[in-house]
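Heads up: the structure comes next, in structure tokens.
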Amino acid sequence: PSHDSATTCHYLLQGLRLVYSDLLRRTGSFLPPPSSAESCWTAYQSSIVGFLRGFDIRSSCGFQTPWISEGCMNITTRSQFENLIPNSTLNATVSRCNLSLESNTPCASCTQSLSAFQASLTGPSVGNVSDCSAYPSIYAAAFANMYGPTDKGTAKCLFQLDFASSSSGNGKKVIIPVALSGFFVASALISAWFWFLRRKRKNFKHRKMKRDRISGLETGYQSRLDSISESTTLAKFTLEEIKKATNNFSRHNIIGRGGYGNVFRGVLPDGSEVAFKRFKNCSAGGDANFAHEVEVIASIRHVNLLALRGYCIATTPLEGHQRIIVCDLVKNGSLHDHLFGDMENKLSWPLRQRIALGMARGLAYLHYGAQLAIIHRDIKASNILLDDKFEAKVADFGLAKFNPEGMTHMSTRVAGTMGYVAPEYALYGQLTERSDVYSFGVVLLELLSGRKAIVMDEEGQPLSVADWAWSLVREGRTLDVVDDELPEKGPPEVIEKYVLIAVLCSHPQLYARPTMDQVVKLLESNDMAVPTVPERPIPLVARMEEITKSISSSSGSGKLSSPTGYQAFSFGCEGSSGNGQEAPV
């Protein structure tokens, strides 16, 4: 589908999930009866006929009729869902989501809590209308939030539907009636949303010019990728080759999910195992971002950076625009999996040392070893992959920027993940290599402490792990930062040194942070002392509201995502909300 069609399908899907949530709140059922599938689609179709003439939801968006009554792991009722999820997870979600979600901070806290559901939702989904990634938001809006799914703050936070500009002058509320017989009538919701989209649309002539420009650029980006392939060892795969390697993109081969799409395990004809990162619902306009990521990864080679094998660009009538990156398979998952997932064995101190040094070496190479300096912009635990020897591999270069030689900083739109983004970048768009240093410091603190980048304090307020660690260091309790359950603890003086390096790297003031090559030297040397950590002027969390406002006012595709990957940067490819678990490629 075209970019406009993909966007339309995305919001139709989110609107439908909001209706699912209202049905769940009223009846205790996630899904309507299978016998009502056809009538449900008919009702949903009729609700948009006045706004999208000639647009057939099922054929245009690739939805199959039975999907509206089929979901995740055969879960159909509230009781089935709650029996599957640990009580601690349910209680945490109620604690964080049971308030107005209109502001960014409570929304981020709520969506962060939903990531814990995914550990229990690992079974099969049918279709993508109400898959496992959608169930946590559907449930939270129905029962964890007092206002319910039709509240504008809840709809905006959990379903990315913003009705702030679509309410009428007389102040009437948007109402979403749901027939208990399984017959959906969502006309009020969809009408309000598409009335808003209609107002925002530019004239037809401008849209046509834009489509023509994108069509012309698509050929240019293909030539650009071909030239990259010719000048490197990258392989250009066909879609049929990738289908064969992944057993036609079998669900059993999925090893990671994200807002952009899925990552599949596959086997090439030579027997080597690889990972295929497949961007879903892409448009031709997404080729610029896709070509950029391929270009960045193809230009670098280092033991601590994820290696690119090749790529695939294909367009077919049935499957649309296919954009796939082929990388080495990293079998031990991500650092996020080991720190915050359901791994049985905790990382020992020697392994954490190796991971910390590997991260630092990989980033130092990007900043000082590559032909053109590269700023990663999205360093976080889920983008640090671990091979079978627990060697760290920095991954996901979709947001990376080449930094021209001689430039002290760039002013650019903000992108990244909340909790990991340096303050000067989040607030002012000032991007330097030391922005990556800040993110590295946060990940290093997560590695040492086992705490996430942003957690809630005892009063339910967001707390940065950098502020928390600094408060302990300032009181002379440096070793209290370290995870109590850390196996095989190393020498206290070495562990203390790592904590001080992490606190120094995550300092809110840019000038106080070391460079990545200095960090590598500090980590490698037994004799080099860590510089004194300067006083922090104010807790970073004190400016959290200002930071989130800065991000929400940014235009363009680069936005802060939530701590768990919701509203993830999507490379021009419209995907559903992330499920809180970033994919390991």
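Chains: A, B, ... in order of the structure tokens. Residues: from 1 per chain. Ligands: from 1, in order shown.
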
Counting only C-alpha atoms, what are the residues of stretch 304-370 of chain A within 12 Å of stretch 446-450 of chain A, and for each of them which pair of atoms is the nearest and at what distance in Å, to one decimal? Sort the table by chain and rising number, as a tab-separated table.
```
residue	atom	partner	partner_atom	distance
A:Ser334	CA	A:Leu447	CA	11.9
A:Leu335	CA	A:Leu447	CA	8.1
A:His336	CA	A:Leu447	CA	9.1
A:Asp337	CA	A:Gly450	CA	11.5
A:His338	CA	A:Leu447	CA	9.5
A:Leu339	CA	A:Gly450	CA	6.0
A:Phe340	CA	A:Gly450	CA	7.5
A:Gly341	CA	A:Gly450	CA	11.0
A:Lys346	CA	A:Gly450	CA	9.7
A:Leu347	CA	A:Leu447	CA	9.0
A:Ser348	CA	A:Leu448	CA	10.4
A:Trp349	CA	A:Leu448	CA	8.7
A:Pro350	CA	A:Leu448	CA	11.6
A:Leu351	CA	A:Leu447	CA	10.3
A:Arg352	CA	A:Leu447	CA	6.8
A:Gln353	CA	A:Leu447	CA	9.3
A:Arg354	CA	A:Leu447	CA	11.1
A:Ile355	CA	A:Leu447	CA	8.7
A:Ala356	CA	A:Leu447	CA	7.9
A:Leu357	CA	A:Leu447	CA	11.7
A:Met359	CA	A:Leu447	CA	11.2
```

Taking C-alpha atoms for each residue, export the selection above as a PDB file, in the first residue's frame.
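For reference, result13.pdb as written:
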```pdb
ATOM      1  CA  SER A 334      20.222  -8.873  24.140  1.00  0.00           C
ATOM      2  CA  LEU A 335      21.600  -7.421  27.338  1.00  0.00           C
ATOM      3  CA  HIS A 336      18.028  -6.370  28.151  1.00  0.00           C
ATOM      4  CA  ASP A 337      16.973 -10.045  28.049  1.00  0.00           C
ATOM      5  CA  HIS A 338      19.620 -10.998  30.605  1.00  0.00           C
ATOM      6  CA  LEU A 339      19.075  -8.030  32.931  1.00  0.00           C
ATOM      7  CA  PHE A 340      15.296  -7.666  32.829  1.00  0.00           C
ATOM      8  CA  GLY A 341      13.968 -10.760  31.079  1.00  0.00           C
ATOM      9  CA  LYS A 346      22.286 -13.861  36.341  1.00  0.00           C
ATOM     10  CA  LEU A 347      25.361 -12.513  34.611  1.00  0.00           C
ATOM     11  CA  SER A 348      28.510 -12.995  36.677  1.00  0.00           C
ATOM     12  CA  TRP A 349      30.934 -10.142  37.356  1.00  0.00           C
ATOM     13  CA  PRO A 350      33.541 -11.378  34.803  1.00  0.00           C
ATOM     14  CA  LEU A 351      30.846 -11.473  32.112  1.00  0.00           C
ATOM     15  CA  ARG A 352      29.619  -7.991  33.035  1.00  0.00           C
ATOM     16  CA  GLN A 353      33.169  -6.702  32.791  1.00  0.00           C
ATOM     17  CA  ARG A 354      33.544  -8.235  29.340  1.00  0.00           C
ATOM     18  CA  ILE A 355      30.227  -6.770  28.179  1.00  0.00           C
ATOM     19  CA  ALA A 356      31.057  -3.296  29.508  1.00  0.00           C
ATOM     20  CA  LEU A 357      34.428  -3.260  27.769  1.00  0.00           C
ATOM     21  CA  MET A 359      30.285  -1.898  24.475  1.00  0.00           C
TER      22      MET A 359
END
```

Residues near stretch 451-458 of chain A, anyone? I mean within 6 Å using only C-alpha atoms, not counting same-chain ones fewer than 6 positions away, as a VMD selection string. chain A and resid 419 464 to 465

With a distance cut-off of 8 Å and only C-alpha atoms, select the neighbouring residues of stretch 52-64 of chain A, excluding the residue or stretch itself and same-chain residues fewer than 6 positions from it, and output the selection as a list in words.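 Everything that qualifies: Pro1, Ser5, Ala6, Cys9, Gln45, Gly127, Asn128 and Val129 of chain A.
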
Those residues you just picked out, can you put them in a file as a short mmCIF file (atom, residue, chain, number, x, y, z; two decimals), in the first residue's frame with C-alpha atoms?
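Below is the file that was written, selection_6.cif:
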```cif
data_model
loop_
_atom_site.label_atom_id
_atom_site.label_comp_id
_atom_site.auth_asym_id
_atom_site.auth_seq_id
_atom_site.Cartn_x
_atom_site.Cartn_y
_atom_site.Cartn_z
CA PRO A 1 0.00 0.00 0.00
CA SER A 5 -2.81 3.76 2.93
CA ALA A 6 -0.37 2.29 5.44
CA CYS A 9 -4.56 1.02 8.09
CA GLN A 45 -16.65 -0.58 7.20
CA GLY A 127 -3.44 -12.64 12.20
CA ASN A 128 -2.40 -9.23 13.45
CA VAL A 129 -5.72 -7.62 14.39
#
```

Could you pull the residues within 7 Å of stretch 306-312 of chain A, counting only C-alpha atoms, minus those fewer than 2 positions along the same chain, as a ChimeraX atom specification? /A:234-239,297-298,301,304,314,323-328,393-395

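Nearest to A:Met146 of all the residues A:Leu101, A:Val126, A:Leu472, A:Cys40 is A:Leu101, based on only C-alpha atoms.
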
Polymer residues at most 10 Å from A:Thr89, only C-alpha atoms, same-chain spacing of 6 or more positions, as a PyMOL selection string: chain A and resi 82+95+113-117

Find the spatial neighbours of A:Leu522, counting only C-alpha atoms, within a cut-off of 9 Å - ignore same-chain residues fewer than 6 positions away - and output them as a ChimeraX atom specification. /A:497-498,501,528-530

Generate the output file for the selected residues, N, CA and C atoms, as a compact mmCIF listing (two decimals), in the first residue's frame.
```txt
# COMPACT_ATOMS: atom_id res chain seq x y z
N LYS A 497 35.37 1.26 40.75
CA LYS A 497 35.87 2.04 39.62
C LYS A 497 34.84 2.05 38.48
N TYR A 498 34.25 0.89 38.21
CA TYR A 498 33.25 0.82 37.14
C TYR A 498 32.04 1.70 37.46
N ILE A 501 32.95 5.31 36.82
CA ILE A 501 32.99 5.58 35.38
C ILE A 501 31.58 5.75 34.83
N MET A 528 45.09 3.60 36.02
CA MET A 528 44.54 4.92 35.73
C MET A 528 43.35 5.21 36.65
N ALA A 529 43.43 6.32 37.36
CA ALA A 529 42.37 6.70 38.29
C ALA A 529 41.24 7.39 37.56
N VAL A 530 40.02 7.22 38.07
CA VAL A 530 38.85 7.88 37.50
C VAL A 530 38.85 9.34 37.94
```

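Interatomic distance, atom CA of A:Tyr139 to atom CA of A:Pro106: 17.1 Å.
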
Write down as a PyMOL selection string the residues belonging to stretch 314-483 of chain A that are assigned strand (DSSP E or B) by DSSP computed on the backbone. chain A and resi 314-316+320-328+334+373-375+384-386+392-394+401-403+410-411+416-417+430-431+454-456+462-464

Write a file of the just-selected residues containing N, CA and C atoms, as an mmCIF file, in the first residue's frame.
```cif
data_model
loop_
_atom_site.group_PDB
_atom_site.id
_atom_site.type_symbol
_atom_site.label_atom_id
_atom_site.label_comp_id
_atom_site.auth_asym_id
_atom_site.auth_seq_id
_atom_site.Cartn_x
_atom_site.Cartn_y
_atom_site.Cartn_z
ATOM 1 N N ALA A 314 12.367 -5.785 -2.336
ATOM 2 C CA ALA A 314 11.490 -6.411 -3.327
ATOM 3 C C ALA A 314 10.107 -5.780 -3.231
ATOM 4 N N THR A 315 9.428 -5.716 -4.349
ATOM 5 C CA THR A 315 8.061 -5.203 -4.389
ATOM 6 C C THR A 315 7.208 -6.174 -5.198
ATOM 7 N N THR A 316 6.176 -6.712 -4.549
ATOM 8 C CA THR A 316 5.280 -7.633 -5.237
ATOM 9 C C THR A 316 3.843 -7.169 -5.035
ATOM 10 N N GLY A 320 3.542 -6.252 -1.268
ATOM 11 C CA GLY A 320 3.917 -4.844 -1.189
ATOM 12 C C GLY A 320 5.419 -4.662 -1.150
ATOM 13 N N HIS A 321 5.859 -3.572 -0.513
ATOM 14 C CA HIS A 321 7.283 -3.253 -0.426
ATOM 15 C C HIS A 321 7.926 -4.055 0.704
ATOM 16 N N GLN A 322 8.891 -4.879 0.357
ATOM 17 C CA GLN A 322 9.609 -5.683 1.338
ATOM 18 C C GLN A 322 11.012 -5.115 1.523
ATOM 19 N N ARG A 323 11.376 -4.809 2.773
ATOM 20 C CA ARG A 323 12.694 -4.289 3.089
ATOM 21 C C ARG A 323 13.267 -5.155 4.214
ATOM 22 N N ILE A 324 14.367 -5.837 3.944
ATOM 23 C CA ILE A 324 14.900 -6.827 4.884
ATOM 24 C C ILE A 324 16.408 -6.648 5.000
ATOM 25 N N ILE A 325 16.900 -6.652 6.234
ATOM 26 C CA ILE A 325 18.330 -6.609 6.505
ATOM 27 C C ILE A 325 18.764 -7.989 7.009
ATOM 28 N N VAL A 326 19.888 -8.481 6.501
ATOM 29 C CA VAL A 326 20.388 -9.805 6.868
ATOM 30 C C VAL A 326 21.668 -9.628 7.681
ATOM 31 N N CYS A 327 21.660 -10.116 8.919
ATOM 32 C CA CYS A 327 22.794 -9.965 9.831
ATOM 33 C C CYS A 327 23.218 -11.314 10.391
ATOM 34 N N ASP A 328 24.392 -11.339 10.977
ATOM 35 C CA ASP A 328 24.819 -12.529 11.710
ATOM 36 C C ASP A 328 23.837 -12.813 12.839
ATOM 37 N N SER A 334 19.765 -10.227 23.807
ATOM 38 C CA SER A 334 20.222 -8.873 24.140
ATOM 39 C C SER A 334 20.572 -8.759 25.619
ATOM 40 N N ALA A 373 33.120 9.650 11.374
ATOM 41 C CA ALA A 373 32.623 9.390 12.726
ATOM 42 C C ALA A 373 31.116 9.142 12.681
ATOM 43 N N ILE A 374 30.663 8.181 13.478
ATOM 44 C CA ILE A 374 29.246 7.807 13.505
ATOM 45 C C ILE A 374 28.731 7.956 14.929
ATOM 46 N N ILE A 375 27.633 8.688 15.087
ATOM 47 C CA ILE A 375 26.952 8.802 16.378
ATOM 48 C C ILE A 375 25.748 7.865 16.332
ATOM 49 N N ILE A 384 22.196 -3.900 22.669
ATOM 50 C CA ILE A 384 23.484 -4.542 22.927
ATOM 51 C C ILE A 384 23.245 -6.045 22.897
ATOM 52 N N LEU A 385 23.741 -6.701 21.855
ATOM 53 C CA LEU A 385 23.534 -8.132 21.692
ATOM 54 C C LEU A 385 24.744 -8.902 22.211
ATOM 55 N N LEU A 386 24.520 -10.164 22.579
ATOM 56 C CA LEU A 386 25.575 -10.984 23.185
ATOM 57 C C LEU A 386 25.732 -12.273 22.398
ATOM 58 N N ALA A 392 30.004 -8.455 23.523
ATOM 59 C CA ALA A 392 28.966 -7.468 23.211
ATOM 60 C C ALA A 392 29.029 -7.052 21.753
ATOM 61 N N LYS A 393 27.860 -6.910 21.142
ATOM 62 C CA LYS A 393 27.734 -6.441 19.763
ATOM 63 C C LYS A 393 26.750 -5.269 19.749
ATOM 64 N N VAL A 394 27.240 -4.081 19.439
ATOM 65 C CA VAL A 394 26.349 -2.919 19.319
ATOM 66 C C VAL A 394 25.541 -3.086 18.044
ATOM 67 N N LYS A 401 23.943 8.683 12.861
ATOM 68 C CA LYS A 401 24.278 9.876 12.072
ATOM 69 C C LYS A 401 25.779 9.888 11.793
ATOM 70 N N PHE A 402 26.134 10.148 10.521
ATOM 71 C CA PHE A 402 27.528 10.424 10.211
ATOM 72 C C PHE A 402 27.848 11.824 10.716
ATOM 73 N N ASN A 403 28.989 11.970 11.378
ATOM 74 C CA ASN A 403 29.400 13.275 11.903
ATOM 75 C C ASN A 403 30.568 13.802 11.073
ATOM 76 N N MET A 410 26.118 18.704 16.065
ATOM 77 C CA MET A 410 25.075 18.891 15.061
ATOM 78 C C MET A 410 23.781 19.256 15.779
ATOM 79 N N SER A 411 22.972 20.092 15.139
ATOM 80 C CA SER A 411 21.633 20.368 15.623
ATOM 81 C C SER A 411 20.681 19.535 14.783
ATOM 82 N N GLY A 416 15.530 8.655 19.821
ATOM 83 C CA GLY A 416 16.146 7.802 20.824
ATOM 84 C C GLY A 416 15.096 7.229 21.748
ATOM 85 N N THR A 417 15.511 6.805 22.926
ATOM 86 C CA THR A 417 14.600 6.177 23.879
ATOM 87 C C THR A 417 14.685 6.890 25.226
ATOM 88 N N GLN A 430 21.128 19.280 20.527
ATOM 89 C CA GLN A 430 22.571 19.375 20.338
ATOM 90 C C GLN A 430 23.176 17.979 20.436
ATOM 91 N N LEU A 431 23.613 17.459 19.291
ATOM 92 C CA LEU A 431 24.087 16.082 19.204
ATOM 93 C C LEU A 431 25.600 16.046 19.034
ATOM 94 N N ILE A 454 14.836 4.135 33.853
ATOM 95 C CA ILE A 454 13.863 4.936 34.612
ATOM 96 C C ILE A 454 13.015 3.980 35.433
ATOM 97 N N VAL A 455 12.973 4.210 36.707
ATOM 98 C CA VAL A 455 12.160 3.403 37.612
ATOM 99 C C VAL A 455 11.281 4.342 38.425
ATOM 100 N N MET A 456 10.356 3.776 39.146
ATOM 101 C CA MET A 456 9.488 4.571 40.015
ATOM 102 C C MET A 456 9.997 4.502 41.450
ATOM 103 N N PRO A 462 8.847 9.185 38.701
ATOM 104 C CA PRO A 462 9.951 8.644 37.887
ATOM 105 C C PRO A 462 11.307 9.035 38.443
ATOM 106 N N LEU A 463 12.230 8.102 38.431
ATOM 107 C CA LEU A 463 13.559 8.342 38.969
ATOM 108 C C LEU A 463 14.589 7.814 37.982
ATOM 109 N N SER A 464 15.529 8.660 37.585
ATOM 110 C CA SER A 464 16.597 8.243 36.680
ATOM 111 C C SER A 464 17.616 7.404 37.441
#
```

Between atom CA of A:Leu305 and atom CA of A:Asp436, what distance in Å does the model show, to one decimal? 14.7 Å

For atom CA of A:Tyr425 and atom CA of A:Gln509, determine how far apart the two atoms are, in Å to one decimal place. 11.0 Å

Determine, counting only C-alpha atoms, which protein, DNA and RNA residues have an atom within 12 Å of an atom of A:Ala422; residues of the same chain fewer than 5 positions away are not included. Present the result as a ChimeraX atom specification. /A:377-379,414-417,427-442,464,466,505-510,513,540,543-544,547,560
